[in-house]
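Have a look at the structure below, then the notes.
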Amino acid sequence: TMLRRTLTPLDLVCAFVLSACSDSKIPTSPDAADLNGTSLQAAKLAGAGSLTGEVGGATYYIEVPENWNGDLVLYAPGDVSPAYSADDFDPAGIEPNKRAQLLQRGYAWATSSRSETGFAVQEGVRITHQLRGIFTSRVDQPNRVYLSSTSMGGLIMLRLLEQHPGMYAGALPVCAPIVGAGGFWDGAFHTRALFDYYYPGVLGGDALNPPDGADGGAMFGAAFGAVQSDPGPAYELANALPVPMPYADDVELGYIVGTQIFFGDPVLLGEIKDRAHSEDIFDNSMTVYAGTSDDAGLNDGIDRFESSRQARNFFAHWYTPSGDLTAPVLSIRTTRDQTVSPYLDVLFAERVAEAGKSDMFVWRQVDRFGHCNISSANEYGPAFDDLVDWVENGVMPTP
């Protein structure tokens, strides 16, 4: 089947860019005037317009619809594998279907690439925040500024929301690891450690030290194949995961396991270690795995790791959201996401409640498999309408 093949470069981008790659070939706003290099200040009322420019070594893209309602959406896309060049990505091509939904509702849109690929949350926060000022200077002062994002871009969005009270009206993260970067990467490392216990010798190396010549795509294929050939141990693996990853059948389970192990690709792993200034970026030293037919044997035999202070500080700063929300947040994702556990919504809701901000968070899940597998027209657009109704009229959305 298609799932058995080695991932192509495009597959790898889709797996780590963490955005709806199926949107990438859809043309956008064919009637928009190309105002690149000019100001929209005088032109925006005469019709739709777009402009691009540079900020901090990255390229931004702004589009204003003909019926602009005065509000702006800043969009933070997901991260791109460090194996790719930042020059390969055009911000005008980021999420065109979602952009079209917002433009037709009268909202202006602004997004940007980044000057570096990889887990560039810090840079994404800086550039996305600067976009607000760029829009004001080159277009106009917006009435309200909303935030939206894809996957890891949700960490950028939440840090802006939590660190700049009053500047952003509300936020719509899609398939985001909203409990934080550390929680996301821990899911991958727990999966790898459990896989090595239940399928010894299949991959070589360990969760933090892949063998020489390892490749994320090949690792995905080997793990997927092992699960399909003998799913029994994978059921035990899934039951032992500290944060559940729901699945409907053996194929979905294999895809979940393979995708989590893919994040142990040497390039991805090396880049996150470099950013954390540490080789020790995972800690299961005190984890008690449970839910299997032999918990004692598992806990005695699984590989153990202990994280460094530098790594913990890195994940805390870039970024672990506090839950102290300063504006409404509506999270939307699928119920069976192979990349980011849907259970993170539950964990984040608990954190928000501890901060006394439960009236600021609603999570909505679509019964479907796939990371960011959300319909722009049928789910994203209506969710944004609900967010706006919440912000403007106080109507809290239904989950």
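Residues are named by chain letter and number: chains run A, B, ... in the order of the structure tokens, numbers start at 1 in each chain, and ligands are numbered from 1 in the order shown.
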Do you know which residues are at most 10 Å from Met286 in chain A counting only C-alpha atoms, after dropping those on the same chain fewer than 5 positions away, and could you put them as a ChimeraX atom specification? /A:299,304-306
When you look at Val202 in chain A with a cut-off of 10 Å (counting only C-alpha atoms), what residues show up, excluding the ones that are within fewer than 4 positions of it in the same chain? I need them as a list in words.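 In the requested format, the answer is Phe195, Asp196, Tyr198, Met219, Ala222, Ala223 and Ala226 of chain A.
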Please report, as a Markdown table, each residue of range 287-333 of chain A lying at most 9 Å from range 392-399 of chain A, together with the nearest pair of atoms and the separation in Å rounded to one decimal; use only C-alpha atoms, and order rows by chain and ascending residue number.
```
| residue | atom | partner | partner_atom | distance |
| --- | --- | --- | --- | --- |
| A:Pro328 | CA | A:Met396 | CA | 8.8 |
| A:Leu330 | CA | A:Pro397 | CA | 7.9 |
| A:Ile332 | CA | A:Pro399 | CA | 9.0 |
```
How about saving the chosen residues, N, CA, C and O atoms kept, as an mmCIF file, in the first residue's frame?
```cif
data_model
loop_
_atom_site.group_PDB
_atom_site.id
_atom_site.type_symbol
_atom_site.label_atom_id
_atom_site.label_comp_id
_atom_site.auth_asym_id
_atom_site.auth_seq_id
_atom_site.Cartn_x
_atom_site.Cartn_y
_atom_site.Cartn_z
ATOM 1 N N PRO A 328 -9.604 34.960 24.127
ATOM 2 C CA PRO A 328 -10.201 33.659 23.813
ATOM 3 C C PRO A 328 -9.361 32.835 22.827
ATOM 4 O O PRO A 328 -8.817 33.363 21.859
ATOM 5 N N LEU A 330 -9.717 29.198 20.613
ATOM 6 C CA LEU A 330 -10.498 28.052 20.142
ATOM 7 C C LEU A 330 -9.552 27.123 19.397
ATOM 8 O O LEU A 330 -9.054 27.457 18.323
ATOM 9 N N ILE A 332 -8.719 23.655 17.341
ATOM 10 C CA ILE A 332 -9.411 22.692 16.494
ATOM 11 C C ILE A 332 -8.396 21.697 15.945
ATOM 12 O O ILE A 332 -7.285 22.071 15.556
#
```
Who sits within 7 Å of Asn373 in chain A, only C-alpha atoms, same chain under 2 positions skipped, as a list in words: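 My list of contacting residues is Ala20, Thr334, Gly370, His371 and Ser375 of chain A.
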Please write the residues from the selection above to a file, keeping C-alpha atoms, as an mmCIF file, in the first residue's frame.
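Generated file (out.cif):
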```cif
data_model
loop_
_atom_site.group_PDB
_atom_site.id
_atom_site.type_symbol
_atom_site.label_atom_id
_atom_site.label_comp_id
_atom_site.auth_asym_id
_atom_site.auth_seq_id
_atom_site.Cartn_x
_atom_site.Cartn_y
_atom_site.Cartn_z
ATOM 1 C CA ALA A 20 -2.163 21.180 4.994
ATOM 2 C CA THR A 334 -8.749 15.788 14.444
ATOM 3 C CA GLY A 370 -4.605 12.772 9.993
ATOM 4 C CA HIS A 371 -2.500 15.683 11.129
ATOM 5 C CA SER A 375 -11.493 21.278 5.913
#
```
Mind the document's chain letters and residue numbers, and return as JSON, numbers by chain the residues of range 106-338 of chain A that DSSP labels strand (DSSP E or B). {"A": [108, 109, 110, 111, 112, 118, 145, 146, 147, 148, 149, 150, 170, 171, 172, 173, 174, 206, 209, 329, 330, 331, 332, 333, 334, 335, 336]}
Who sits within 9 Å of range 52-62 of chain A, only C-alpha atoms, same chain under 2 positions skipped, as a tab-separated table (two decimals) with all heavy atoms, in the first residue's frame:
```tsv
chain	number	residue	atom	x	y	z
A	35	LEU	N	0.56	44.67	-5.73
A	35	LEU	CA	1.07	45.97	-5.33
A	35	LEU	C	2.43	45.84	-4.67
A	35	LEU	O	2.81	46.62	-3.81
A	35	LEU	CB	0.09	46.65	-4.37
A	35	LEU	CG	-1.31	46.89	-4.94
A	35	LEU	CD1	-2.22	47.48	-3.88
A	35	LEU	CD2	-1.23	47.82	-6.14
A	36	ASN	N	3.17	44.80	-5.04
A	36	ASN	CA	4.48	44.56	-4.45
A	36	ASN	C	5.36	45.80	-4.58
A	36	ASN	O	5.51	46.37	-5.65
A	36	ASN	CB	5.15	43.38	-5.16
A	36	ASN	CG	6.45	43.00	-4.50
A	36	ASN	OD1	6.65	43.27	-3.32
A	36	ASN	ND2	7.31	42.36	-5.25
A	37	GLY	N	5.93	46.22	-3.45
A	37	GLY	CA	6.82	47.37	-3.46
A	37	GLY	C	6.10	48.70	-3.30
A	37	GLY	O	6.72	49.75	-3.32
A	49	GLY	N	-5.72	43.96	-2.65
A	49	GLY	CA	-4.32	44.18	-2.94
A	49	GLY	C	-3.44	43.30	-2.10
A	49	GLY	O	-3.83	42.85	-1.03
A	50	SER	N	-2.23	43.04	-2.58
A	50	SER	CA	-1.27	42.25	-1.82
A	50	SER	C	0.09	42.92	-1.93
A	50	SER	O	0.36	43.67	-2.88
A	50	SER	CB	-1.20	40.82	-2.35
A	50	SER	OG	-0.71	40.80	-3.68
A	64	VAL	N	-5.08	42.23	1.46
A	64	VAL	CA	-6.25	42.96	1.96
A	64	VAL	C	-7.38	42.79	0.95
A	64	VAL	O	-7.20	43.07	-0.23
A	64	VAL	CB	-5.93	44.46	2.14
A	64	VAL	CG1	-7.17	45.20	2.64
A	64	VAL	CG2	-4.77	44.64	3.11
A	86	ALA	N	15.37	27.95	3.68
A	86	ALA	CA	14.29	28.93	3.87
A	86	ALA	C	13.89	29.58	2.56
A	86	ALA	O	12.76	30.04	2.39
A	86	ALA	CB	14.72	29.98	4.88
A	87	ASP	N	14.82	29.62	1.60
A	87	ASP	CA	14.53	30.26	0.31
A	87	ASP	C	13.54	29.45	-0.52
A	87	ASP	O	13.02	29.95	-1.52
A	87	ASP	CB	15.82	30.43	-0.49
A	87	ASP	CG	16.79	31.40	0.17
A	87	ASP	OD1	16.32	32.26	0.94
A	87	ASP	OD2	18.01	31.29	-0.07
A	90	ASP	N	7.67	30.20	-0.25
A	90	ASP	CA	7.08	31.49	-0.59
A	90	ASP	C	5.89	31.74	0.34
A	90	ASP	O	4.93	30.96	0.33
A	90	ASP	CB	6.61	31.46	-2.05
A	90	ASP	CG	5.94	32.74	-2.48
A	90	ASP	OD1	5.89	33.69	-1.67
A	90	ASP	OD2	5.48	32.80	-3.64
A	91	PRO	N	5.92	32.79	1.14
A	91	PRO	CA	4.80	33.02	2.07
A	91	PRO	C	3.47	33.24	1.37
A	91	PRO	O	2.42	33.04	1.98
A	91	PRO	CB	5.24	34.26	2.86
A	91	PRO	CG	6.24	34.93	1.99
A	91	PRO	CD	6.95	33.82	1.26
A	92	ALA	N	3.50	33.63	0.10
A	92	ALA	CA	2.24	33.79	-0.64
A	92	ALA	C	1.55	32.46	-0.87
A	92	ALA	O	0.36	32.42	-1.19
A	92	ALA	CB	2.50	34.48	-1.98
A	108	ALA	N	-8.19	41.03	6.57
A	108	ALA	CA	-6.86	41.09	5.97
A	108	ALA	C	-6.02	39.94	6.54
A	108	ALA	O	-6.29	39.44	7.64
A	108	ALA	CB	-6.20	42.42	6.27
A	109	TRP	N	-5.00	39.56	5.81
A	109	TRP	CA	-4.17	38.39	6.14
A	109	TRP	C	-2.70	38.79	6.06
A	109	TRP	O	-2.29	39.50	5.14
A	109	TRP	CB	-4.49	37.29	5.14
A	109	TRP	CG	-3.54	36.11	5.08
A	109	TRP	CD1	-2.34	36.06	4.44
A	109	TRP	CD2	-3.75	34.81	5.63
A	109	TRP	NE1	-1.79	34.81	4.55
A	109	TRP	CE2	-2.64	34.01	5.28
A	109	TRP	CE3	-4.78	34.22	6.36
A	109	TRP	CZ2	-2.51	32.68	5.65
A	109	TRP	CZ3	-4.66	32.89	6.74
A	109	TRP	CH2	-3.55	32.13	6.38
A	110	ALA	N	-1.92	38.34	7.01
A	110	ALA	CA	-0.47	38.57	6.95
A	110	ALA	C	0.25	37.36	7.51
A	110	ALA	O	-0.14	36.82	8.55
A	110	ALA	CB	-0.08	39.82	7.73
A	111	THR	N	1.29	36.94	6.82
A	111	THR	CA	2.09	35.81	7.28
A	111	THR	C	3.51	35.99	6.74
A	111	THR	O	3.77	36.91	5.98
A	111	THR	CB	1.49	34.47	6.80
A	111	THR	OG1	2.16	33.38	7.45
A	111	THR	CG2	1.62	34.30	5.29
A	112	SER	N	4.40	35.12	7.16
A	112	SER	CA	5.78	35.25	6.69
A	112	SER	C	6.46	33.89	6.70
A	112	SER	O	6.05	32.97	7.42
A	112	SER	CB	6.58	36.22	7.56
A	112	SER	OG	6.91	35.63	8.80
A	113	SER	N	7.51	33.81	5.89
A	113	SER	CA	8.43	32.68	6.01
A	113	SER	C	9.36	33.01	7.18
A	113	SER	O	9.12	33.96	7.94
A	113	SER	CB	9.23	32.52	4.72
A	113	SER	OG	10.05	33.66	4.50
A	114	ARG	N	10.43	32.23	7.34
A	114	ARG	CA	11.42	32.55	8.36
A	114	ARG	C	12.79	32.52	7.73
A	114	ARG	O	13.01	31.85	6.73
A	114	ARG	CB	11.31	31.55	9.52
A	114	ARG	CG	9.99	31.72	10.25
A	114	ARG	CD	9.68	30.63	11.24
A	114	ARG	NE	8.23	30.68	11.51
A	114	ARG	CZ	7.47	29.63	11.69
A	114	ARG	NH1	8.01	28.43	11.61
A	114	ARG	NH2	6.19	29.76	11.91
A	115	SER	N	13.71	33.25	8.33
A	115	SER	CA	15.05	33.32	7.75
A	115	SER	C	15.82	32.03	7.95
A	115	SER	O	16.87	31.83	7.34
A	115	SER	CB	15.82	34.48	8.38
A	115	SER	OG	15.97	34.29	9.77
A	116	GLU	N	15.31	31.14	8.81
A	116	GLU	CA	15.93	29.84	9.01
A	116	GLU	C	14.84	28.80	9.17
A	116	GLU	O	13.74	29.08	9.65
A	116	GLU	CB	16.82	29.86	10.26
A	116	GLU	CG	16.09	30.24	11.53
A	116	GLU	CD	17.01	30.44	12.71
A	116	GLU	OE1	17.75	31.44	12.70
A	116	GLU	OE2	16.99	29.60	13.62
A	123	GLU	N	12.36	32.81	16.52
A	123	GLU	CA	12.33	33.70	15.36
A	123	GLU	C	10.90	33.94	14.89
A	123	GLU	O	10.52	35.05	14.52
A	123	GLU	CB	13.16	33.13	14.21
A	123	GLU	CG	13.23	34.09	13.03
A	123	GLU	CD	13.69	33.42	11.76
A	123	GLU	OE1	13.75	32.19	11.70
A	123	GLU	OE2	13.99	34.15	10.81
A	126	ARG	N	9.22	36.57	17.00
A	126	ARG	CA	9.71	37.92	16.68
A	126	ARG	C	9.12	38.44	15.37
A	126	ARG	O	8.60	39.56	15.31
A	126	ARG	CB	11.24	37.90	16.60
A	126	ARG	CG	11.86	39.22	16.19
A	126	ARG	CD	13.38	39.12	16.13
A	126	ARG	NE	13.84	38.11	15.20
A	126	ARG	CZ	13.96	38.30	13.88
A	126	ARG	NH1	13.62	39.47	13.35
A	126	ARG	NH2	14.41	37.34	13.09
A	127	ILE	N	9.19	37.63	14.34
A	127	ILE	CA	8.74	38.08	13.02
A	127	ILE	C	7.24	38.28	12.99
A	127	ILE	O	6.74	39.28	12.43
A	127	ILE	CB	9.20	37.09	11.94
A	127	ILE	CG1	10.73	37.19	11.78
A	127	ILE	CG2	8.51	37.35	10.62
A	127	ILE	CD1	11.31	36.16	10.84
A	130	GLN	N	6.34	41.44	14.67
A	130	GLN	CA	6.73	42.59	13.86
A	130	GLN	C	5.76	42.83	12.71
A	130	GLN	O	5.59	43.98	12.25
A	130	GLN	CB	8.15	42.39	13.30
A	130	GLN	CG	9.24	42.57	14.33
A	130	GLN	CD	10.62	42.33	13.75
A	130	GLN	OE1	10.82	41.41	12.96
A	130	GLN	NE2	11.58	43.13	14.15
A	131	LEU	N	5.12	41.77	12.24
A	131	LEU	CA	4.18	41.92	11.14
A	131	LEU	C	3.04	42.87	11.48
A	131	LEU	O	2.50	43.55	10.62
A	131	LEU	CB	3.61	40.55	10.74
A	131	LEU	CG	4.33	39.77	9.67
A	131	LEU	CD1	3.65	38.43	9.44
A	131	LEU	CD2	4.40	40.56	8.37
A	134	ILE	N	4.35	46.25	10.77
A	134	ILE	CA	4.52	46.44	9.33
A	134	ILE	C	3.17	46.69	8.67
A	134	ILE	O	3.04	47.57	7.81
A	134	ILE	CB	5.20	45.20	8.72
A	134	ILE	CG1	6.66	45.13	9.18
A	134	ILE	CG2	5.12	45.22	7.20
A	134	ILE	CD1	7.35	43.84	8.82
A	135	PHE	N	2.16	45.94	9.09
A	135	PHE	CA	0.83	46.14	8.51
A	135	PHE	C	0.33	47.55	8.81
A	135	PHE	O	-0.21	48.24	7.93
A	135	PHE	CB	-0.14	45.11	9.08
A	135	PHE	CG	-1.51	45.15	8.45
A	135	PHE	CD1	-1.80	44.38	7.34
A	135	PHE	CD2	-2.51	45.98	8.96
A	135	PHE	CE1	-3.06	44.43	6.75
A	135	PHE	CE2	-3.76	46.04	8.37
A	135	PHE	CZ	-4.04	45.26	7.26
```
Determine, counting only C-alpha atoms, which protein, DNA and RNA residues have an atom within 12 Å of an atom of His317 in chain A; residues of the same chain fewer than 5 positions away are not included. Present the result as a short mmCIF file (atom, residue, chain, number, x, y, z; two decimals) with N, CA, C and O atoms, in the first residue's frame.
```cif
data_model
loop_
_atom_site.label_atom_id
_atom_site.label_comp_id
_atom_site.auth_asym_id
_atom_site.auth_seq_id
_atom_site.Cartn_x
_atom_site.Cartn_y
_atom_site.Cartn_z
N VAL A 121 10.98 28.61 16.74
CA VAL A 121 9.88 29.26 17.46
C VAL A 121 10.25 30.68 17.85
O VAL A 121 9.46 31.62 17.69
N GLN A 122 11.47 30.86 18.37
CA GLN A 122 11.89 32.19 18.81
C GLN A 122 11.83 33.19 17.66
O GLN A 122 11.31 34.30 17.81
N VAL A 125 8.18 33.98 16.66
CA VAL A 125 7.54 34.94 17.57
C VAL A 125 7.93 36.36 17.21
O VAL A 125 7.09 37.26 17.10
N LEU A 155 2.62 27.32 18.97
CA LEU A 155 3.47 27.76 20.07
C LEU A 155 3.84 29.23 19.89
O LEU A 155 3.92 29.99 20.87
N ILE A 156 4.08 29.63 18.65
CA ILE A 156 4.35 31.03 18.36
C ILE A 156 3.15 31.88 18.74
O ILE A 156 3.26 32.91 19.43
N ARG A 159 2.54 32.10 22.59
CA ARG A 159 3.50 32.96 23.29
C ARG A 159 3.17 34.43 23.05
O ARG A 159 3.24 35.25 23.97
N GLN A 163 2.23 36.76 26.19
CA GLN A 163 3.25 37.75 26.52
C GLN A 163 2.84 39.18 26.19
O GLN A 163 3.49 40.13 26.62
N GLY A 180 2.99 22.52 24.81
CA GLY A 180 4.36 22.98 24.73
C GLY A 180 5.26 22.12 23.89
O GLY A 180 4.94 20.96 23.57
N ALA A 181 6.43 22.69 23.55
CA ALA A 181 7.40 21.99 22.71
C ALA A 181 7.91 20.72 23.37
O ALA A 181 8.07 19.68 22.74
N GLY A 182 8.21 20.81 24.67
CA GLY A 182 8.72 19.64 25.37
C GLY A 182 7.73 18.49 25.36
O GLY A 182 8.10 17.33 25.17
N ARG A 275 19.73 23.65 19.27
CA ARG A 275 18.97 24.77 19.83
C ARG A 275 18.93 24.68 21.36
O ARG A 275 18.93 25.71 22.04
N ALA A 276 18.86 23.48 21.88
CA ALA A 276 18.80 23.29 23.33
C ALA A 276 20.18 23.33 23.98
O ALA A 276 20.28 23.30 25.21
N GLN A 310 19.75 22.66 30.69
CA GLN A 310 19.70 23.50 29.49
C GLN A 310 18.52 23.13 28.60
O GLN A 310 17.82 24.00 28.08
N ALA A 311 18.30 21.83 28.43
CA ALA A 311 17.18 21.38 27.59
C ALA A 311 15.85 21.77 28.21
O ALA A 311 14.95 22.24 27.51
N ARG A 312 15.72 21.58 29.50
CA ARG A 312 14.46 21.94 30.16
C ARG A 312 14.20 23.43 30.04
O ARG A 312 13.06 23.86 29.80
N SER A 322 1.72 28.89 29.53
CA SER A 322 1.36 28.87 30.95
C SER A 322 -0.11 28.53 31.18
O SER A 322 -0.49 28.08 32.26
#
```
So which residues touch Pro244 in chain A within 10 Å, counting only C-alpha atoms, skipping near sequence neighbours fewer than 2 positions away, as a list of chain:residue names? A:Gly187, A:Ala238, A:Asn239, A:Ala240, A:Leu241, A:Pro242, A:Pro246, A:Tyr247, A:Ser341, A:Pro342, A:Tyr343, A:Leu344
So that I can check the surroundings of range 207-214 of chain A, please list as a ChimeraX atom specification every protein, DNA and RNA residue that reaches within 7 Å of it, counting only C-alpha atoms and ignoring chain neighbours fewer than 2 positions away. /A:189,192-193,204-205,216,264-266
Given the choices A:Ala176, A:Leu158, A:Ala188, A:Ala248, which gets closest to Asp79 in chain A if the distance is worked out from only C-alpha atoms? A:Ala176
Range 179-360 of chain A: which residues are helix (DSSP H, G or I) by DSSP, as a VMD selection string? chain A and resid 181 to 198 216 to 229 232 to 240 250 to 262 266 to 276 295 to 301 309 to 317 344 to 354 358 to 360
